[in-house]
Amino acid sequence: MRIATWNVNSVRTRLEQVLAWLRAEAPEVLCLQETKVADELFPLQAFRSLGYEGAISGQKAYNGVAILSRLPLEDVQVGFSALLPADPQAPGLGEQKRVISARVEGVRVLNLYVPNGSSLRSEKYTYKLEWLACLKRYLSAQEAEGEPLVMVGDFNIALEDRDIHDPGRLTGGIMASEAERRALRDALGDRLEDGFRLFEADSGHWSWWDYRTAGWETGRGWRIDHIYLDEELRERALGCRIDSQPRGLPQPSDHAPVVINLAWPPEDQDGDFEDEEDEDDDIDR
């Protein structure tokens, strides 16, 4: 099963690019962030024409998350309150459409659009840290559900210096501050690990290039789009890659898709492990 994540920076603006990518790559699941559209205007029919159903949580002009799948989507949950109904902060932190999950082939797919934070002195930065603390509580509640978990999305955090093109200058600032990194690590705990780093230890692999600083043209990027796996799924990970090709298109999203390939379901109907070798040919190991 291949699962992809992509901040498309407006699904209606990039619709033809996303559809073309799906035709070429055909992942079983694609998680989108920054869809920037109310649910009733989401172009779901266009995705259905390619065999994808969708679970969506959007709002006009800002934020928005969606899960598109060629496999059945079960037990769709929207927002933190789905698992934290008694948490006093969860309802307020759920007003922005940033959290959606669904069960796919027995795996809980959690799609997140983490707040950017704007600047270290902004109220939005305080909100970001509160949001990440709520994510920690949410993940603890999800672990109690006993489902395997893959958590994907735009995290707006470069967790390590090797995830930034110029760590000497940028470490300590927004998206690379110690408080943000610590909050995300606390949420991950000992349970979740970065799927991309299972296969690639080096720097120089970016998923986001800032429009404002001509990041793409100058090769100055960040790796802030992540896929995290629990232990059960880490054992099933076959490869993970960042597909930077769409970033070079005219009027692209500023983010690139990230794709992970999992040997899942673990057994076929005869009780034998499925052969994923052919599907893994185009995944970096």
# chains A, B, ... in the order shown; residues from 1 in each chain; ligands from 1
call {"tool": "select_by_dssp", "arguments": {"residues": "region 30-172 of chain A", "states": "strand (DSSP E)", "output": "ChimeraX atom specification"}}
result
/A:30-33,53-57,65-69,74-78,99-104,107-113,149-154
call {"tool": "write_last_selection", "arguments": {"atoms": "N, CA and C atoms", "output": "tab-separated table (two decimals), in the first residue's frame"}}
result
chain	number	residue	atom	x	y	z
A	30	LEU	N	-3.95	9.27	-0.87
A	30	LEU	CA	-3.31	10.57	-0.96
A	30	LEU	C	-3.94	11.50	0.06
A	31	CYS	N	-3.11	12.04	0.95
A	31	CYS	CA	-3.55	12.99	1.96
A	31	CYS	C	-3.17	14.39	1.52
A	32	LEU	N	-4.14	15.29	1.52
A	32	LEU	CA	-3.91	16.66	1.08
A	32	LEU	C	-4.02	17.62	2.27
A	33	GLN	N	-3.22	18.68	2.20
A	33	GLN	CA	-3.33	19.77	3.17
A	33	GLN	C	-3.47	21.09	2.42
A	53	GLU	N	-12.32	7.80	-3.54
A	53	GLU	CA	-13.32	8.41	-2.67
A	53	GLU	C	-12.60	9.35	-1.71
A	54	GLY	N	-13.34	10.23	-1.08
A	54	GLY	CA	-12.68	11.20	-0.23
A	54	GLY	C	-13.37	11.44	1.10
A	55	ALA	N	-12.55	11.73	2.10
A	55	ALA	CA	-13.00	12.25	3.39
A	55	ALA	C	-12.41	13.64	3.50
A	56	ILE	N	-13.24	14.65	3.74
A	56	ILE	CA	-12.78	16.03	3.65
A	56	ILE	C	-13.19	16.82	4.88
A	57	SER	N	-12.36	17.79	5.21
A	57	SER	CA	-12.67	18.76	6.26
A	57	SER	C	-12.04	20.07	5.85
A	65	VAL	N	-8.07	19.89	5.10
A	65	VAL	CA	-7.39	18.62	4.92
A	65	VAL	C	-8.35	17.63	4.27
A	66	ALA	N	-7.78	16.66	3.56
A	66	ALA	CA	-8.60	15.65	2.90
A	66	ALA	C	-7.80	14.36	2.76
A	67	ILE	N	-8.52	13.25	2.77
A	67	ILE	CA	-7.93	11.93	2.49
A	67	ILE	C	-8.64	11.36	1.28
A	68	LEU	N	-7.89	11.07	0.23
A	68	LEU	CA	-8.42	10.44	-0.97
A	68	LEU	C	-7.90	9.01	-1.02
A	69	SER	N	-8.77	8.06	-1.36
A	69	SER	CA	-8.36	6.66	-1.27
A	69	SER	C	-9.05	5.81	-2.32
A	74	GLU	N	-12.88	3.96	6.31
A	74	GLU	CA	-13.76	3.58	7.40
A	74	GLU	C	-13.50	4.47	8.62
A	75	ASP	N	-14.53	4.64	9.42
A	75	ASP	CA	-14.43	5.35	10.70
A	75	ASP	C	-13.70	6.68	10.54
A	76	VAL	N	-14.19	7.53	9.66
A	76	VAL	CA	-13.59	8.86	9.46
A	76	VAL	C	-13.79	9.70	10.72
A	77	GLN	N	-12.71	10.33	11.17
A	77	GLN	CA	-12.76	11.18	12.36
A	77	GLN	C	-12.17	12.54	12.01
A	78	VAL	N	-12.86	13.60	12.42
A	78	VAL	CA	-12.46	14.97	12.10
A	78	VAL	C	-12.15	15.72	13.39
A	99	VAL	N	-7.14	18.59	11.04
A	99	VAL	CA	-6.99	17.21	11.50
A	99	VAL	C	-8.09	16.35	10.90
A	100	ILE	N	-7.70	15.25	10.24
A	100	ILE	CA	-8.67	14.26	9.77
A	100	ILE	C	-7.98	12.90	9.74
A	101	SER	N	-8.74	11.86	10.03
A	101	SER	CA	-8.17	10.52	9.97
A	101	SER	C	-9.23	9.55	9.48
A	102	ALA	N	-8.76	8.40	9.01
A	102	ALA	CA	-9.65	7.33	8.59
A	102	ALA	C	-8.90	6.01	8.71
A	103	ARG	N	-9.66	4.95	8.85
A	103	ARG	CA	-9.07	3.62	8.85
A	103	ARG	C	-9.06	3.07	7.42
A	104	VAL	N	-7.87	2.64	6.96
A	104	VAL	CA	-7.71	2.09	5.63
A	104	VAL	C	-7.01	0.74	5.75
A	107	VAL	N	-5.37	0.18	9.01
A	107	VAL	CA	-4.38	1.16	9.44
A	107	VAL	C	-5.07	2.51	9.66
A	108	ARG	N	-4.80	3.15	10.77
A	108	ARG	CA	-5.30	4.50	11.00
A	108	ARG	C	-4.38	5.48	10.27
A	109	VAL	N	-4.93	6.16	9.27
A	109	VAL	CA	-4.20	7.18	8.52
A	109	VAL	C	-4.61	8.53	9.08
A	110	LEU	N	-3.66	9.22	9.69
A	110	LEU	CA	-3.90	10.52	10.33
A	110	LEU	C	-3.23	11.60	9.50
A	111	ASN	N	-4.02	12.54	9.03
A	111	ASN	CA	-3.55	13.61	8.15
A	111	ASN	C	-3.62	14.94	8.89
A	112	LEU	N	-2.48	15.65	8.97
A	112	LEU	CA	-2.38	16.87	9.76
A	112	LEU	C	-1.85	18.04	8.93
A	113	TYR	N	-2.37	19.21	9.23
A	113	TYR	CA	-1.78	20.45	8.76
A	113	TYR	C	-1.44	21.28	10.01
A	149	LEU	N	-0.67	2.96	13.19
A	149	LEU	CA	-0.80	4.38	12.85
A	149	LEU	C	0.27	4.82	11.87
A	150	VAL	N	-0.17	5.51	10.80
A	150	VAL	CA	0.70	6.30	9.96
A	150	VAL	C	0.20	7.73	10.04
A	151	MET	N	1.07	8.64	10.45
A	151	MET	CA	0.72	10.05	10.62
A	151	MET	C	1.48	10.86	9.58
A	152	VAL	N	0.75	11.60	8.75
A	152	VAL	CA	1.37	12.31	7.64
A	152	VAL	C	0.93	13.76	7.66
A	153	GLY	N	1.62	14.58	6.88
A	153	GLY	CA	1.15	15.93	6.68
A	153	GLY	C	2.25	16.96	6.56
A	154	ASP	N	1.81	18.21	6.51
A	154	ASP	CA	2.70	19.36	6.55
A	154	ASP	C	2.84	19.75	8.01
call {"tool": "residues_around", "arguments": {"residues": "Ala4 (chain A)", "least_positions_apart": "5", "cutoff": "7 Å", "atoms": "only C-alpha atoms", "output": "list in words"}}
result
Pro27, Val29, Leu30, Cys31, Pro257, Val258, Val259 and Ile260 of chain A
call {"tool": "atom_distance", "arguments": {"atom1": "CA of Asp230 (chain A)", "atom2": "CA of Glu193 (chain A)"}}
result
6.6 Å
call {"tool": "closest_residue", "arguments": {"among": "A:Leu19, A:Leu238, A:Ala24, A:Ala90", "to": "Leu262 (chain A)", "atoms": "only C-alpha atoms"}}
result
A:Leu238
